[in-house]
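Shown next: coords.pdb, given as PDB, C-alpha atoms.
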```pdb
ATOM      1  CA  MET A  32       3.564   5.810 -35.510
ATOM      2  CA  ASN A  33       5.339   6.885 -32.325
ATOM      3  CA  GLU A  34       5.855  10.375 -30.886
ATOM      4  CA  LYS A  35       9.249  10.933 -32.509
ATOM      5  CA  GLU A  36       7.989   9.854 -35.929
ATOM      6  CA  ILE A  37       5.082  12.298 -35.584
ATOM      7  CA  ILE A  38       7.492  15.151 -34.772
ATOM      8  CA  LYS A  39       9.716  14.242 -37.731
ATOM      9  CA  GLU A  40       6.725  14.100 -40.103
ATOM     10  CA  ALA A  41       5.459  17.450 -38.811
ATOM     11  CA  MET A  42       8.927  18.937 -39.320
ATOM     12  CA  LYS A  43       8.977  17.613 -42.879
ATOM     13  CA  SER A  44       5.502  19.054 -43.556
ATOM     14  CA  CYS A  45       6.633  22.446 -42.261
ATOM     15  CA  GLY A  46       9.931  22.319 -44.129
ATOM     16  CA  TRP A  47      11.789  22.634 -40.842
ATOM     17  CA  ASN A  48      15.050  21.101 -39.695
ATOM     18  CA  GLN A  49      16.158  20.493 -36.108
ATOM     19  CA  GLU A  50      17.805  23.901 -35.919
ATOM     20  CA  THR A  51      14.590  25.688 -36.899
ATOM     21  CA  LEU A  52      12.534  23.667 -34.423
ATOM     22  CA  ALA A  53      15.059  24.399 -31.671
ATOM     23  CA  LEU A  54      14.848  28.130 -32.361
ATOM     24  CA  LYS A  55      11.026  28.205 -32.501
ATOM     25  CA  ALA A  56      10.648  25.976 -29.418
ATOM     26  CA  GLY A  57      13.006  28.120 -27.337
ATOM     27  CA  TYR A  58      16.096  25.910 -27.257
ATOM     28  CA  LYS A  59      19.575  27.357 -27.719
ATOM     29  CA  THR A  60      21.012  24.554 -29.849
ATOM     30  CA  GLN A  61      19.948  22.077 -32.492
ATOM     31  CA  SER A  62      21.392  19.275 -30.347
ATOM     32  CA  ALA A  63      18.680  19.895 -27.733
ATOM     33  CA  VAL A  64      16.100  18.800 -30.312
ATOM     34  CA  GLY A  65      18.312  16.028 -31.704
ATOM     35  CA  ASN A  66      18.836  14.525 -28.265
ATOM     36  CA  ARG A  67      15.091  14.372 -27.666
ATOM     37  CA  LEU A  68      14.386  12.877 -31.093
ATOM     38  CA  ASN A  69      17.102  10.242 -30.669
ATOM     39  CA  GLY A  70      16.380   9.312 -27.039
ATOM     40  CA  SER A  71      14.461   6.250 -25.935
ATOM     41  CA  SER A  72      11.245   8.189 -25.354
ATOM     42  CA  MET A  73       9.932  11.741 -25.253
ATOM     43  CA  ARG A  74       8.099  13.455 -22.420
ATOM     44  CA  VAL A  75       4.529  14.476 -23.191
ATOM     45  CA  ASP A  76       5.231  18.142 -22.464
ATOM     46  CA  THR A  77       8.157  18.117 -24.903
ATOM     47  CA  PHE A  78       5.985  16.452 -27.558
ATOM     48  CA  VAL A  79       3.295  19.104 -27.107
ATOM     49  CA  LYS A  80       5.886  21.923 -27.036
ATOM     50  CA  PHE A  81       7.424  20.808 -30.346
ATOM     51  CA  LEU A  82       4.047  20.434 -32.039
ATOM     52  CA  SER A  83       2.818  23.775 -30.697
ATOM     53  CA  ALA A  84       5.939  25.482 -32.038
ATOM     54  CA  MET A  85       5.064  24.108 -35.489
ATOM     55  CA  GLY A  86       1.433  25.237 -35.271
ATOM     56  CA  TYR A  87      -0.172  21.912 -34.345
ATOM     57  CA  GLU A  88      -2.387  20.997 -31.405
ATOM     58  CA  VAL A  89      -2.758  17.674 -29.625
ATOM     59  CA  ILE A  90      -6.319  16.387 -29.340
ATOM     60  CA  ILE A  91      -7.365  13.511 -27.091
ATOM     61  CA  LYS A  92     -10.431  11.612 -28.293
ATOM     62  CA  SER A  93     -12.051   8.409 -27.174
ATOM     63  CA  THR A  94     -11.603   5.303 -29.293
ATOM     64  CA  SER A  95     -15.207   4.469 -28.400
ATOM     65  CA  PRO A  96     -17.108   7.591 -29.509
ATOM     66  CA  ASN A  97     -20.481   5.852 -29.125
ATOM     67  CA  THR A  98     -19.957   5.511 -25.366
ATOM     68  CA  ASN A  99     -17.600   8.396 -24.630
ATOM     69  CA  LYS A 100     -17.761  11.648 -26.559
ATOM     70  CA  ASN A 101     -15.117  13.467 -24.492
ATOM     71  CA  GLU A 102     -12.487  15.456 -26.344
ATOM     72  CA  TRP A 103      -9.626  17.466 -24.866
ATOM     73  CA  ARG A 104      -7.043  19.769 -26.417
ATOM     74  CA  ILE A 105      -3.612  19.948 -24.871
ATOM     75  CA  SER A 106      -1.891  23.310 -25.050
ATOM     76  CA  TYR A 107       1.685  24.127 -24.158
ATOM     77  CA  GLU A 108       2.278  26.781 -21.547
ATOM     78  CA  GLU A 109       5.638  27.659 -20.073
TER
END
```

Please lay out the structure from this file as structure tokens.
Amino acid sequence: MNEKEIIKEAMKSCGWNQETLALKAGYKTQSAVGNRLNGSSMRVDTFVKFLSAMGYEVIIKSTSPNTNKNEWRISYEE
């Protein structure tokens, strides 16, 4: 699953459309969200901003928890 698919699934889970996400994420138009969801890739800060607006957090965890137990949470700050 890529970043745009995650955003779309989160939107579906929240019952949100692009217009709602735009409003909650501080964009003036729905097309601002649509352009980012339809582009070739999404910036990490935009990904985190969208998820934060929907009440999610991004957690970074090691794929080798036996050797690396680090965990970080990414928060969006303007």

Cut-off 9 Å around (3.0, 20.6, -25.7) with all atoms listed in the file: residues as a PyMOL selection string: chain A and resi 75-84+88-89+105-108

Resulting file, chosen residues, C-alpha atoms, as a PDB file, in the coordinates of the input:
```pdb
ATOM      1  CA  VAL A  75       4.529  14.476 -23.191  1.00  0.00           C
ATOM      2  CA  ASP A  76       5.231  18.142 -22.464  1.00  0.00           C
ATOM      3  CA  THR A  77       8.157  18.117 -24.903  1.00  0.00           C
ATOM      4  CA  PHE A  78       5.985  16.452 -27.558  1.00  0.00           C
ATOM      5  CA  VAL A  79       3.295  19.104 -27.107  1.00  0.00           C
ATOM      6  CA  LYS A  80       5.886  21.923 -27.036  1.00  0.00           C
ATOM      7  CA  PHE A  81       7.424  20.808 -30.346  1.00  0.00           C
ATOM      8  CA  LEU A  82       4.047  20.434 -32.039  1.00  0.00           C
ATOM      9  CA  SER A  83       2.818  23.775 -30.697  1.00  0.00           C
ATOM     10  CA  ALA A  84       5.939  25.482 -32.038  1.00  0.00           C
ATOM     11  CA  GLU A  88      -2.387  20.997 -31.405  1.00  0.00           C
ATOM     12  CA  VAL A  89      -2.758  17.674 -29.625  1.00  0.00           C
ATOM     13  CA  ILE A 105      -3.612  19.948 -24.871  1.00  0.00           C
ATOM     14  CA  SER A 106      -1.891  23.310 -25.050  1.00  0.00           C
ATOM     15  CA  TYR A 107       1.685  24.127 -24.158  1.00  0.00           C
ATOM     16  CA  GLU A 108       2.278  26.781 -21.547  1.00  0.00           C
TER      17      GLU A 108
END
```

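For the pair atom CA of Arg67 of chain A and atom CA of Leu54 of chain A, the separation is 14.5 Å.
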
What lies within 9 Å of segment 47-51 of chain A using all atoms listed in the file, ignoring chain neighbours under 5 positions off, as a compact mmCIF listing (two decimals) with C-alpha atoms, in the coordinates of the input?
```txt
# COMPACT_ATOMS: atom_id res chain seq x y z
CA LYS A 39 9.72 14.24 -37.73
CA ALA A 41 5.46 17.45 -38.81
CA MET A 42 8.93 18.94 -39.32
CA ALA A 56 10.65 25.98 -29.42
CA THR A 60 21.01 24.55 -29.85
CA GLN A 61 19.95 22.08 -32.49
CA SER A 62 21.39 19.27 -30.35
CA ALA A 63 18.68 19.90 -27.73
CA VAL A 64 16.10 18.80 -30.31
CA GLY A 65 18.31 16.03 -31.70
CA MET A 85 5.06 24.11 -35.49
```

Straight-line distance linking atom CA of Ser44 of chain A with atom CA of Met32 of chain A, stated in Å to one decimal: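 So the two atoms, atom CA of Ser44 of chain A and atom CA of Met32 of chain A, lie 15.6 Å apart.
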
Two-atom distance - atom CA of Ile38 of chain A, atom CA of Asn69 of chain A (Å):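 Between these atoms lies a distance of 11.5 Å.
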
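Residues with any atom within 9 Å of Trp103 of chain A, counting all atoms listed in the file and excluding same-chain neighbours fewer than 5 positions away, are A:Val89, A:Ile90, A:Ile91, A:Lys92.
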
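Of the residues under consideration (A:Ser72, A:Ser93, A:Cys45, A:Leu52), A:Ser72 shows the shortest atom-to-atom contact distance to Asn33 of chain A when counting all atoms listed in the file.
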
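Using only C-alpha atoms, the shortest contact distance between Asn66 of chain A and any of A:Asn97, A:Lys43, A:Glu102, A:Lys35 is found at A:Lys35.
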